[in-house]
Protein chains: 2
Amino acid sequence: MRIDNLQYANWSPKIFQQMREGGLNAVHVTIAYHENFRETVLNIEQWNQWFERHSDLIMMGRTASDVDEARQTGRTAIFFGLQNPSPIEDDIGLVDILHTLGVRFMQLTYNNQSLLSTGCYESTDTGITRMGKQVIREMNRVGLVIDMSHSADRSTIEASDISERPIAITHANPFEWSPSLRNKKSDVIRAVTENGGMLGFSIYPHHLKDKSDCTLTSFCEMIARTADEYGIAHLGIGSDLCQDHPDSVVEWMRMGRWTREIDYGEGSASLSGFPAMPDWFNDNRDFGNLESGLRDVGMNGEEVDAIMGGNWYRFYAEYFVPVNPG
Amino acid sequence: MRIDNLQYANWSPKIFQQMREGGLNAVHVTIAYHENFRETVLNIEQWNQWFERHSDLIMMGRTASDVDEARQTGRTAIFFGLQNPSPIEDDIGLVDILHTLGVRFMQLTYNNQSLLSTGCYESTDTGITRMGKQVIREMNRVGLVIDMSHSADRSTIEASDISERPIAITHANPFEWSPSLRNKKSDVIRAVTENGGMLGFSIYPHHLKDKSDCTLTSFCEMIARTADEYGIAHLGIGSDLCQDHPDSVVEWMRMGRWTREIDYGEGSASLSGFPAMPDWFNDNRDFGNLESGLRDVGMNGEEVDAIMGGNWYRFYAEYFVPVNPG
């Protein structure tokens with residue numbers, strides 16, 4: 001079982017083909033960074049076209065059983081997610097609507113303060129807001145998973161405590177391995193995993209020790225240590241693969257429409273674009289490298305399978321459905 | 001000169017006629033509580049119809065000179081304002097667009113956390129956010145006045161400090177006179193007025209000492225004391241008159257689309273609707289009572305005129321225009 005629980009690529013038949021070559025049974029794809037509801041629906045329309053035109057390679061995923069179907073038919077199941085609550089605008093009723101349209105993860109913040117909670121780039125962390133508490137309850141109800149990858153510490157811990165269902169950090173690494181604002185301190189990972197939540201390891205260079213020069217061994221040893229510390233059942237991959245995009249896209253990701261000044265996010269004036277990927281992970285065909293790397297640091301077959309997709313599969317099966325279906 | 005710097009009524013020819021009977025030269029009207037951009041434009045379209053149909057009573061106001069024109073032609077100039085930044089959604093470019101459409105005040109929050117800062121009903125006050133700092137600069141640039149009536153203390157003080165132009169609390173009273181969450185503590189009023197900003201006194205019963213039973217004398221004595229403390233030049237009226245609305249409208253004001261649970265705001269389960277107005281202020285015809293009340297507590301003609309509209313007029317003249325026009 002191979003599941004990558006976070007990608008945002010410049011999607012194309014080439015990439016869908018690479019997913020097949022990499023043996024991906026499912027991929028959670030970002031369909032919104034700063035889009036409002038209507039723009040998010042446009043992105044879903046685009047995916048509907050791809051599902052029609054490339055039905056030999058990909059299919060829409062709504063439940064864990066779609067991963068099984070994809071596996072049986074030699075395809076990759078695509079699950080939708082939002083990196084920002086901008087698609088629900090200020091309307092709690094859109095939580096249910098977006099779940100019906102197939103959305104399965106939603107970040108409560110993307111770097112900045114949102115209506116719901118605080119992003120990791122703000123100087124003050126207000127925790128979960130009044131609307132945030134309401135929205136968490138509604139996300140729990142319909143089966144839309146809370147993702148706190150780009151959120152601030154207090155907000156993440158509060159979300160994990162307030163949520164009645166486990167939450168996820170779909171793409172980040174431990175701060176103690178690589179101290180970036182986007183990586184997660186141990187009390188944050190503890191709060192999420194203790195409540196049954198998941199951490200997906202990111203291969204985006206700004207989240208890696210030594211960035212683009214990070215070695216596969218360093219990455220896999222970090223995974224093994226994290227498994228020892230928090231329990232292997234709570235860990236998976238969320239590669240954050242941003243393939244084939246021009247640098248204008250990383251500007252959109254960082255700046256959306258919220259500022260008239262340049263914001264470099266995790267980059268800098270001298271490194272403003274997408275960073276180069278490490279040589280062992282350039283696209284979906286490289287999941288085999290990752291699997292070999294995990295074996296090389298001493299994981300057995302069962303453990304490798306859990307990290308590579310088994311854990312996400314179990315999480316999908318439990319939390320993509322409403323609390324009281326029917 | 002009579003200017004009421006905050007009303008939200010169920011507008012009708014009857015009310016426009018009452019504005020004339022009350023001698024109002026200008027009224028700042030709320031055109032959005034939770035509306036998004038498109039919905040706000042719909043509300044402007046509705047006002048455009050009223051301006052056409054009732055051009056004998058009202059006219060659109062964009063600058064202080066429109067107040068002069070309204071005065072000379074026996075009409076009331078209507079200035080648009082937003083009680084929430086929801087109309088700019090997450091798009092800083094909409095600040096300029098909305099100013100061009102005539103909007104002259106925008107609250108950075110309405111009770112809850114916004115993308116820009118914190119509302120007075122949140123438990124934690126994050127101050128001005130990353131986007132908030134950008135939007136304040138843009139509002140300064142185009143001449144859209146920052147209104148912090150429904151904001152939390154730290155956010156208000158920070159807004160006043162960060163803004164390069166004076167800001168306003170269009171409708172609230174001193175907390176020490178009537179301790180409600182919406183009224184303002186002395187350090188907040190101090191921060192706003194010291195920077196040249198304005199405080200508009202509210203006659204909404206939840207902001208009054210003894211609520212609906214508040215006497216005209218108590219209200220006017222409070223104004224006189226506030227003038228002694230912060231300087232009369234910074235004070236005006238923002239009555240918060242919410243005339244002729246059904247109680248469903250106060251539900252919209254409080255709950256918008258952000259919650260699935262009932263929120264009573266300043267009310268309560270037993271007093272969930274609009275509260276009864278004090279007997280000395282029911283509609284626009286009662287501004288004469290207010291003027292008499294101010295004289296009765298010892299203000300001279302010049303002082304009364306400053307409070308009743310002169311100060312707002314001067315503020316409009318200075319701050320509704322871009323920093324570097326042309």
# chains A, B, ... in the order shown; residues from 1 in each chain; ligands from 1
$ calpha_fit_and_write --fixed "chain A" --moving "chain B" --output "short mmCIF file (atom, residue, chain, number, x, y, z; two decimals) with C-alpha atoms, in the first residue's frame"
data_model
loop_
_atom_site.label_atom_id
_atom_site.label_comp_id
_atom_site.auth_asym_id
_atom_site.auth_seq_id
_atom_site.Cartn_x
_atom_site.Cartn_y
_atom_site.Cartn_z
CA MET B 1 0.00 0.00 0.00
CA ARG B 2 1.38 3.37 -0.99
CA ILE B 3 -0.39 6.61 -0.10
CA ASP B 4 1.08 10.07 -0.37
CA ASN B 5 -1.01 12.31 1.81
CA LEU B 6 -0.02 15.67 0.33
CA GLN B 7 0.89 16.77 -3.15
CA TYR B 8 0.36 19.94 -5.11
CA ALA B 9 1.64 19.48 -8.63
CA ASN B 10 1.02 21.11 -11.96
CA TRP B 11 -1.13 18.08 -12.75
CA SER B 12 -0.83 16.46 -16.16
CA PRO B 13 -1.15 13.03 -17.74
CA LYS B 14 2.61 12.74 -17.32
CA ILE B 15 2.29 13.05 -13.55
CA PHE B 16 -0.71 10.69 -13.40
CA GLN B 17 1.41 8.17 -15.30
CA GLN B 18 4.29 8.69 -12.86
CA MET B 19 1.89 7.98 -9.98
CA ARG B 20 1.22 4.61 -11.55
CA GLU B 21 4.92 3.95 -12.09
CA GLY B 22 5.53 4.82 -8.45
CA GLY B 23 2.81 2.41 -7.34
CA LEU B 24 0.70 5.07 -5.59
CA ASN B 25 -2.70 3.68 -4.58
CA ALA B 26 -3.88 7.06 -3.36
CA VAL B 27 -2.77 10.67 -3.30
CA HIS B 28 -4.27 13.50 -1.27
CA VAL B 29 -4.08 16.53 -3.57
CA THR B 30 -4.40 20.18 -2.60
CA ILE B 31 -7.19 21.90 -4.51
CA ALA B 32 -7.06 25.30 -2.77
CA TYR B 33 -4.48 27.61 -1.20
CA HIS B 34 -6.32 30.94 -1.24
CA GLU B 35 -9.29 30.16 -3.46
CA ASN B 36 -12.76 31.15 -2.31
CA PHE B 37 -15.67 28.71 -2.60
CA ARG B 38 -16.48 29.40 -6.24
CA GLU B 39 -12.85 29.19 -7.30
CA THR B 40 -12.47 25.90 -5.42
CA VAL B 41 -15.46 24.52 -7.30
CA LEU B 42 -13.73 25.55 -10.54
CA ASN B 43 -10.72 23.49 -9.44
CA ILE B 44 -13.02 20.52 -8.77
CA GLU B 45 -14.49 20.97 -12.26
CA GLN B 46 -10.95 20.74 -13.62
CA TRP B 47 -10.40 17.50 -11.67
CA ASN B 48 -13.68 16.12 -13.00
CA GLN B 49 -12.29 16.62 -16.50
CA TRP B 50 -9.08 14.81 -15.59
CA PHE B 51 -11.05 11.94 -14.02
CA GLU B 52 -12.98 11.58 -17.28
CA ARG B 53 -10.04 11.92 -19.63
CA HIS B 54 -7.57 9.83 -17.65
CA SER B 55 -9.84 7.23 -16.14
CA ASP B 56 -7.22 4.60 -16.96
CA LEU B 57 -4.79 6.24 -14.51
CA ILE B 58 -6.77 8.01 -11.80
CA MET B 59 -10.16 7.96 -10.11
CA MET B 60 -11.84 10.14 -7.55
CA GLY B 61 -11.46 9.01 -3.95
CA ARG B 62 -14.15 9.56 -1.31
CA THR B 63 -13.68 6.67 1.11
CA ALA B 64 -11.03 4.11 1.97
CA SER B 65 -12.87 1.58 -0.19
CA ASP B 66 -12.02 3.75 -3.18
CA VAL B 67 -8.36 3.05 -2.41
CA ASP B 68 -9.18 -0.65 -2.63
CA GLU B 69 -10.95 -0.15 -5.93
CA ALA B 70 -8.06 1.89 -7.30
CA ARG B 71 -5.68 -0.87 -6.24
CA GLN B 72 -7.76 -3.56 -7.87
CA THR B 73 -8.09 -1.62 -11.12
CA GLY B 74 -4.48 -0.41 -11.31
CA ARG B 75 -5.24 3.25 -10.75
CA THR B 76 -4.51 5.99 -8.21
CA ALA B 77 -7.36 7.31 -6.07
CA ILE B 78 -7.28 11.11 -5.74
CA PHE B 79 -8.55 12.65 -2.49
CA PHE B 80 -9.20 16.39 -2.28
CA GLY B 81 -7.90 18.69 0.43
CA LEU B 82 -7.71 22.40 1.23
CA GLN B 83 -4.62 24.07 2.69
CA ASN B 84 -6.67 27.04 3.89
CA PRO B 85 -10.25 27.52 5.11
CA SER B 86 -10.71 30.24 2.47
CA PRO B 87 -13.08 27.96 0.49
CA ILE B 88 -15.62 28.02 3.33
CA GLU B 89 -15.33 31.83 3.38
CA ASP B 90 -17.25 32.89 6.50
CA ASP B 91 -19.97 30.29 6.02
CA ILE B 92 -20.08 27.20 8.24
CA GLY B 93 -22.69 25.68 5.90
CA LEU B 94 -19.97 25.26 3.27
CA VAL B 95 -18.23 22.62 5.43
CA ASP B 96 -20.92 20.06 4.63
CA ILE B 97 -21.15 21.22 1.00
CA LEU B 98 -17.41 20.81 0.45
CA HIS B 99 -17.42 17.36 2.09
CA THR B 100 -20.22 16.35 -0.26
CA LEU B 101 -18.08 17.58 -3.16
CA GLY B 102 -15.32 15.24 -1.98
CA VAL B 103 -13.09 17.36 0.22
CA ARG B 104 -11.53 15.25 3.00
CA PHE B 105 -8.88 17.48 4.64
CA MET B 106 -8.99 21.18 5.48
CA GLN B 107 -6.26 23.20 7.15
CA LEU B 108 -7.64 25.64 9.69
CA THR B 109 -4.94 28.12 8.64
CA TYR B 110 -2.38 28.65 5.94
CA ASN B 111 0.55 30.52 7.59
CA ASN B 112 -1.57 33.57 8.53
CA GLN B 113 -4.39 34.15 10.97
CA SER B 114 -7.66 32.80 9.62
CA LEU B 115 -11.20 33.16 10.88
CA LEU B 116 -10.64 29.86 12.70
CA SER B 117 -7.16 29.90 14.22
CA THR B 118 -3.58 31.13 13.89
CA GLY B 119 -0.98 30.31 11.26
CA CYS B 120 2.65 29.54 12.00
CA TYR B 121 3.92 32.88 10.62
CA GLU B 122 1.90 35.16 12.91
CA SER B 123 3.63 36.67 15.93
CA THR B 124 0.72 35.98 18.31
CA ASP B 125 -1.24 32.74 18.50
CA THR B 126 -4.85 33.27 19.53
CA GLY B 127 -5.69 29.58 19.56
CA ILE B 128 -9.05 28.41 18.21
CA THR B 129 -11.50 31.29 17.68
CA ARG B 130 -15.24 31.36 18.32
CA MET B 131 -15.96 30.43 14.72
CA GLY B 132 -13.11 27.90 14.86
CA LYS B 133 -14.83 25.98 17.65
CA GLN B 134 -18.04 25.84 15.66
CA VAL B 135 -16.27 24.75 12.47
CA ILE B 136 -14.29 22.01 14.24
CA ARG B 137 -17.55 20.56 15.55
CA GLU B 138 -19.06 20.69 12.07
CA MET B 139 -15.97 19.12 10.46
CA ASN B 140 -16.17 16.34 13.06
CA ARG B 141 -19.82 15.81 12.24
CA VAL B 142 -19.47 15.47 8.48
CA GLY B 143 -16.10 13.69 8.36
CA LEU B 144 -13.82 16.45 7.11
CA VAL B 145 -10.41 16.00 8.74
CA ILE B 146 -8.71 18.93 10.47
CA ASP B 147 -5.20 19.54 9.14
CA MET B 148 -2.87 21.81 11.15
CA SER B 149 0.28 21.59 9.01
CA HIS B 150 0.61 25.36 8.57
CA SER B 151 -0.82 26.33 11.98
CA ALA B 152 0.82 27.78 15.06
CA ASP B 153 1.59 25.64 18.12
CA ARG B 154 -1.12 26.71 20.54
CA SER B 155 -3.76 26.56 17.81
CA THR B 156 -2.70 23.02 16.89
CA ILE B 157 -2.74 21.74 20.45
CA GLU B 158 -6.13 23.36 21.08
CA ALA B 159 -7.53 21.94 17.85
CA SER B 160 -6.43 18.47 18.86
CA ASP B 161 -8.02 18.89 22.29
CA ILE B 162 -11.27 20.45 21.07
CA SER B 163 -11.79 18.07 18.16
CA GLU B 164 -13.72 14.96 19.08
CA ARG B 165 -12.04 13.05 16.27
CA PRO B 166 -8.31 12.71 15.62
CA ILE B 167 -6.69 15.44 13.53
CA ALA B 168 -3.75 15.44 11.15
CA ILE B 169 -0.56 17.26 10.38
CA THR B 170 -0.45 16.10 6.80
CA HIS B 171 2.96 17.48 5.83
CA ALA B 172 5.66 18.55 8.29
CA ASN B 173 8.63 17.12 10.18
CA PRO B 174 9.85 17.29 13.77
CA PHE B 175 11.27 20.70 14.65
CA GLU B 176 14.08 19.12 16.63
CA TRP B 177 15.38 17.44 13.46
CA SER B 178 15.09 20.58 11.33
CA PRO B 179 14.09 23.80 13.10
CA SER B 180 11.88 25.58 10.57
CA LEU B 181 8.73 27.50 11.48
CA ARG B 182 6.70 24.93 9.59
CA ASN B 183 8.08 21.92 11.45
CA LYS B 184 6.46 20.76 14.68
CA LYS B 185 7.75 20.83 18.22
CA SER B 186 7.46 17.70 20.32
CA ASP B 187 4.54 18.90 22.45
CA VAL B 188 2.58 19.59 19.26
CA ILE B 189 3.30 16.16 17.75
CA ARG B 190 2.53 14.62 21.13
CA ALA B 191 -0.85 16.38 21.37
CA VAL B 192 -1.86 15.23 17.88
CA THR B 193 -0.66 11.63 18.07
CA GLU B 194 -1.85 10.99 21.63
CA ASN B 195 -5.37 11.78 20.44
CA GLY B 196 -5.06 9.29 17.59
CA GLY B 197 -3.97 11.83 14.99
CA MET B 198 -1.46 11.47 12.16
CA LEU B 199 1.80 13.13 11.14
CA GLY B 200 2.78 12.96 7.45
CA PHE B 201 6.49 13.47 6.75
CA SER B 202 7.28 16.20 4.25
CA ILE B 203 10.01 16.09 1.63
CA TYR B 204 9.68 19.78 0.73
CA PRO B 205 13.31 20.95 1.06
CA HIS B 206 12.56 23.84 3.43
CA HIS B 207 11.31 21.24 5.93
CA LEU B 208 14.41 19.02 5.62
CA LYS B 209 17.65 19.02 7.57
CA ASP B 210 20.25 20.45 5.14
CA LYS B 211 17.34 21.34 2.82
CA SER B 212 17.96 20.16 -0.77
CA ASP B 213 21.12 18.35 0.39
CA CYS B 214 19.29 16.21 2.93
CA THR B 215 20.25 12.56 2.57
CA LEU B 216 17.78 9.72 2.32
CA THR B 217 19.44 8.12 5.34
CA SER B 218 19.00 11.24 7.47
CA PHE B 219 15.32 11.45 6.46
CA CYS B 220 14.64 7.78 7.16
CA GLU B 221 16.52 7.77 10.46
CA MET B 222 14.40 10.73 11.51
CA ILE B 223 11.27 8.71 10.65
CA ALA B 224 12.51 5.74 12.67
CA ARG B 225 13.27 7.96 15.69
CA THR B 226 9.85 9.61 15.41
CA ALA B 227 8.23 6.16 15.33
CA ASP B 228 10.10 5.19 18.50
CA GLU B 229 8.94 8.36 20.22
CA TYR B 230 5.28 8.68 19.20
CA GLY B 231 4.33 5.22 17.92
CA ILE B 232 4.57 4.07 14.32
CA ALA B 233 0.78 3.84 13.91
CA HIS B 234 0.51 7.63 13.76
CA LEU B 235 2.98 8.23 10.94
CA GLY B 236 2.80 8.38 7.16
CA ILE B 237 4.07 10.32 4.20
CA GLY B 238 2.82 13.75 3.02
CA SER B 239 5.57 14.54 0.56
CA ASP B 240 4.42 18.08 -0.29
CA LEU B 241 5.60 17.37 -3.83
CA CYS B 242 5.10 20.55 -5.88
CA GLN B 243 6.10 19.25 -9.25
CA ASP B 244 6.37 21.15 -12.56
CA HIS B 245 5.11 24.48 -11.24
CA PRO B 246 6.58 27.78 -12.38
CA ASP B 247 7.83 30.02 -9.53
CA SER B 248 4.77 32.24 -9.96
CA VAL B 249 2.83 29.47 -8.19
CA VAL B 250 4.93 29.63 -5.04
CA GLU B 251 4.24 33.39 -5.04
CA TRP B 252 0.50 32.63 -5.12
CA MET B 253 0.92 30.11 -2.32
CA ARG B 254 2.74 32.66 -0.16
CA MET B 255 0.97 35.88 -1.02
CA GLY B 256 -2.50 34.95 -2.24
CA ARG B 257 -4.35 38.24 -2.29
CA TRP B 258 -3.59 39.29 1.29
CA THR B 259 -0.60 41.58 0.74
CA ARG B 260 0.69 44.20 -1.64
CA GLU B 261 4.26 43.61 -0.45
CA ILE B 262 6.43 40.66 -1.40
CA ASP B 263 6.40 37.88 1.16
CA TYR B 264 9.04 35.19 0.72
CA GLY B 265 7.51 32.71 3.13
CA GLU B 266 10.04 29.97 3.81
CA GLY B 267 12.23 31.29 1.01
CA SER B 268 14.22 34.51 0.80
CA ALA B 269 15.05 37.25 -1.69
CA SER B 270 17.96 35.17 -2.95
CA LEU B 271 15.97 31.91 -3.01
CA SER B 272 12.49 33.11 -3.90
CA GLY B 273 11.33 30.23 -6.10
CA PHE B 274 10.71 26.54 -5.49
CA PRO B 275 13.81 24.93 -3.96
CA ALA B 276 15.55 22.01 -5.70
CA MET B 277 14.33 18.61 -4.54
CA PRO B 278 16.79 16.18 -2.92
CA ASP B 279 18.26 13.81 -5.50
CA TRP B 280 16.44 10.78 -4.05
CA PHE B 281 12.96 12.29 -4.47
CA ASN B 282 12.02 14.17 -7.62
CA ASP B 283 8.62 12.77 -8.53
CA ASN B 284 6.11 10.01 -7.86
CA ARG B 285 8.42 7.36 -9.34
CA ASP B 286 10.76 7.78 -6.36
CA PHE B 287 8.58 6.22 -3.65
CA GLY B 288 10.61 3.03 -4.14
CA ASN B 289 13.71 4.93 -2.93
CA LEU B 290 11.85 5.93 0.19
CA GLU B 291 10.77 2.36 0.85
CA SER B 292 14.34 1.10 0.43
CA GLY B 293 15.58 3.86 2.71
CA LEU B 294 13.19 2.80 5.46
CA ARG B 295 14.33 -0.83 5.16
CA ASP B 296 17.97 0.28 5.24
CA VAL B 297 17.49 1.98 8.62
CA GLY B 298 16.17 -1.29 10.02
CA MET B 299 12.41 -1.24 9.62
CA ASN B 300 10.70 -4.55 8.88
CA GLY B 301 8.19 -5.08 6.09
CA GLU B 302 5.17 -4.47 8.26
CA GLU B 303 6.61 -1.22 9.61
CA VAL B 304 7.55 0.03 6.17
CA ASP B 305 4.08 -0.72 4.86
CA ALA B 306 2.49 1.16 7.76
CA ILE B 307 4.56 4.27 7.03
CA MET B 308 4.21 4.06 3.26
CA GLY B 309 0.41 3.96 3.28
CA GLY B 310 -1.14 1.47 5.69
CA ASN B 311 -1.60 4.03 8.46
CA TRP B 312 -3.21 6.60 6.19
CA TYR B 313 -5.49 3.90 4.77
CA ARG B 314 -6.72 3.02 8.28
CA PHE B 315 -7.17 6.73 9.09
CA TYR B 316 -9.18 7.29 5.88
CA ALA B 317 -11.40 4.31 6.76
CA GLU B 318 -12.21 5.73 10.17
CA TYR B 319 -12.47 9.47 9.69
CA PHE B 320 -13.73 10.32 6.19
CA VAL B 321 -17.26 9.31 7.14
CA PRO B 322 -19.84 11.20 9.19
CA VAL B 323 -20.08 10.43 12.90
CA ASN B 324 -23.64 9.13 12.57
CA PRO B 325 -24.08 8.19 8.94
CA GLY B 326 -27.63 7.72 7.79
#
$ select_by_dssp --residues "stretch 120-172 of chain A" --states "helix (DSSP H, G or I)" --output "MDAnalysis selection string"
chainID A and resid 130:142 153:162
$ select_by_dssp --residues "stretch 86-252 of chain B" --states "strand (DSSP E or B)" --output "PyMOL selection string"
chain B and resi 103-107+119+145-147+151+168-169+174+184+198-201+235-237+241
$ decode --residues "stretch 247-326 of chain A" --atoms "C-alpha atoms" --output "PDB file, in the first residue's frame"
ATOM      1  CA  ASP A 247       7.840  29.996  -9.526  1.00  0.00           C
ATOM      2  CA  SER A 248       4.780  32.220  -9.961  1.00  0.00           C
ATOM      3  CA  VAL A 249       2.844  29.456  -8.206  1.00  0.00           C
ATOM      4  CA  VAL A 250       4.933  29.617  -5.050  1.00  0.00           C
ATOM      5  CA  GLU A 251       4.236  33.364  -5.042  1.00  0.00           C
ATOM      6  CA  TRP A 252       0.502  32.606  -5.132  1.00  0.00           C
ATOM      7  CA  MET A 253       0.927  30.092  -2.315  1.00  0.00           C
ATOM      8  CA  ARG A 254       2.739  32.639  -0.164  1.00  0.00           C
ATOM      9  CA  MET A 255       0.969  35.850  -1.022  1.00  0.00           C
ATOM     10  CA  GLY A 256      -2.489  34.942  -2.238  1.00  0.00           C
ATOM     11  CA  ARG A 257      -4.346  38.210  -2.289  1.00  0.00           C
ATOM     12  CA  TRP A 258      -3.603  39.282   1.270  1.00  0.00           C
ATOM     13  CA  THR A 259      -0.589  41.561   0.740  1.00  0.00           C
ATOM     14  CA  ARG A 260       0.714  44.167  -1.655  1.00  0.00           C
ATOM     15  CA  GLU A 261       4.274  43.599  -0.463  1.00  0.00           C
ATOM     16  CA  ILE A 262       6.423  40.649  -1.411  1.00  0.00           C
ATOM     17  CA  ASP A 263       6.404  37.870   1.161  1.00  0.00           C
ATOM     18  CA  TYR A 264       9.039  35.186   0.721  1.00  0.00           C
ATOM     19  CA  GLY A 265       7.522  32.707   3.150  1.00  0.00           C
ATOM     20  CA  GLU A 266      10.053  29.974   3.805  1.00  0.00           C
ATOM     21  CA  GLY A 267      12.238  31.287   1.022  1.00  0.00           C
ATOM     22  CA  SER A 268      14.237  34.506   0.807  1.00  0.00           C
ATOM     23  CA  ALA A 269      15.049  37.238  -1.658  1.00  0.00           C
ATOM     24  CA  SER A 270      17.959  35.183  -2.936  1.00  0.00           C
ATOM     25  CA  LEU A 271      15.970  31.914  -2.996  1.00  0.00           C
ATOM     26  CA  SER A 272      12.488  33.100  -3.884  1.00  0.00           C
ATOM     27  CA  GLY A 273      11.347  30.216  -6.070  1.00  0.00           C
ATOM     28  CA  PHE A 274      10.716  26.533  -5.490  1.00  0.00           C
ATOM     29  CA  PRO A 275      13.806  24.923  -3.955  1.00  0.00           C
ATOM     30  CA  ALA A 276      15.526  22.017  -5.707  1.00  0.00           C
ATOM     31  CA  MET A 277      14.327  18.598  -4.544  1.00  0.00           C
ATOM     32  CA  PRO A 278      16.789  16.171  -2.925  1.00  0.00           C
ATOM     33  CA  ASP A 279      18.261  13.821  -5.498  1.00  0.00           C
ATOM     34  CA  TRP A 280      16.439  10.789  -4.064  1.00  0.00           C
ATOM     35  CA  PHE A 281      12.969  12.290  -4.482  1.00  0.00           C
ATOM     36  CA  ASN A 282      12.034  14.156  -7.637  1.00  0.00           C
ATOM     37  CA  ASP A 283       8.643  12.770  -8.539  1.00  0.00           C
ATOM     38  CA  ASN A 284       6.116  10.009  -7.869  1.00  0.00           C
ATOM     39  CA  ARG A 285       8.427   7.358  -9.340  1.00  0.00           C
ATOM     40  CA  ASP A 286      10.753   7.786  -6.365  1.00  0.00           C
ATOM     41  CA  PHE A 287       8.588   6.210  -3.668  1.00  0.00           C
ATOM     42  CA  GLY A 288      10.624   3.056  -4.143  1.00  0.00           C
ATOM     43  CA  ASN A 289      13.700   4.953  -2.937  1.00  0.00           C
ATOM     44  CA  LEU A 290      11.839   5.950   0.173  1.00  0.00           C
ATOM     45  CA  GLU A 291      10.757   2.386   0.845  1.00  0.00           C
ATOM     46  CA  SER A 292      14.336   1.126   0.413  1.00  0.00           C
ATOM     47  CA  GLY A 293      15.569   3.877   2.702  1.00  0.00           C
ATOM     48  CA  LEU A 294      13.199   2.816   5.456  1.00  0.00           C
ATOM     49  CA  ARG A 295      14.324  -0.808   5.137  1.00  0.00           C
ATOM     50  CA  ASP A 296      17.953   0.310   5.223  1.00  0.00           C
ATOM     51  CA  VAL A 297      17.470   2.014   8.600  1.00  0.00           C
ATOM     52  CA  GLY A 298      16.170  -1.267   9.997  1.00  0.00           C
ATOM     53  CA  MET A 299      12.398  -1.229   9.601  1.00  0.00           C
ATOM     54  CA  ASN A 300      10.700  -4.536   8.857  1.00  0.00           C
ATOM     55  CA  GLY A 301       8.179  -5.078   6.072  1.00  0.00           C
ATOM     56  CA  GLU A 302       5.153  -4.452   8.237  1.00  0.00           C
ATOM     57  CA  GLU A 303       6.587  -1.216   9.582  1.00  0.00           C
ATOM     58  CA  VAL A 304       7.544   0.032   6.142  1.00  0.00           C
ATOM     59  CA  ASP A 305       4.056  -0.721   4.837  1.00  0.00           C
ATOM     60  CA  ALA A 306       2.469   1.145   7.740  1.00  0.00           C
ATOM     61  CA  ILE A 307       4.541   4.270   7.022  1.00  0.00           C
ATOM     62  CA  MET A 308       4.208   4.063   3.241  1.00  0.00           C
ATOM     63  CA  GLY A 309       0.404   3.971   3.280  1.00  0.00           C
ATOM     64  CA  GLY A 310      -1.144   1.481   5.694  1.00  0.00           C
ATOM     65  CA  ASN A 311      -1.608   4.036   8.438  1.00  0.00           C
ATOM     66  CA  TRP A 312      -3.209   6.607   6.188  1.00  0.00           C
ATOM     67  CA  TYR A 313      -5.496   3.903   4.775  1.00  0.00           C
ATOM     68  CA  ARG A 314      -6.736   3.032   8.263  1.00  0.00           C
ATOM     69  CA  PHE A 315      -7.162   6.734   9.080  1.00  0.00           C
ATOM     70  CA  TYR A 316      -9.180   7.301   5.884  1.00  0.00           C
ATOM     71  CA  ALA A 317     -11.400   4.324   6.753  1.00  0.00           C
ATOM     72  CA  GLU A 318     -12.219   5.716  10.160  1.00  0.00           C
ATOM     73  CA  TYR A 319     -12.482   9.473   9.695  1.00  0.00           C
ATOM     74  CA  PHE A 320     -13.736  10.324   6.199  1.00  0.00           C
ATOM     75  CA  VAL A 321     -17.269   9.306   7.132  1.00  0.00           C
ATOM     76  CA  PRO A 322     -19.851  11.189   9.194  1.00  0.00           C
ATOM     77  CA  VAL A 323     -20.068  10.428  12.900  1.00  0.00           C
ATOM     78  CA  ASN A 324     -23.625   9.138  12.603  1.00  0.00           C
ATOM     79  CA  PRO A 325     -24.084   8.189   8.982  1.00  0.00           C
ATOM     80  CA  GLY A 326     -27.644   7.781   7.828  1.00  0.00           C
TER      81      GLY A 326
END
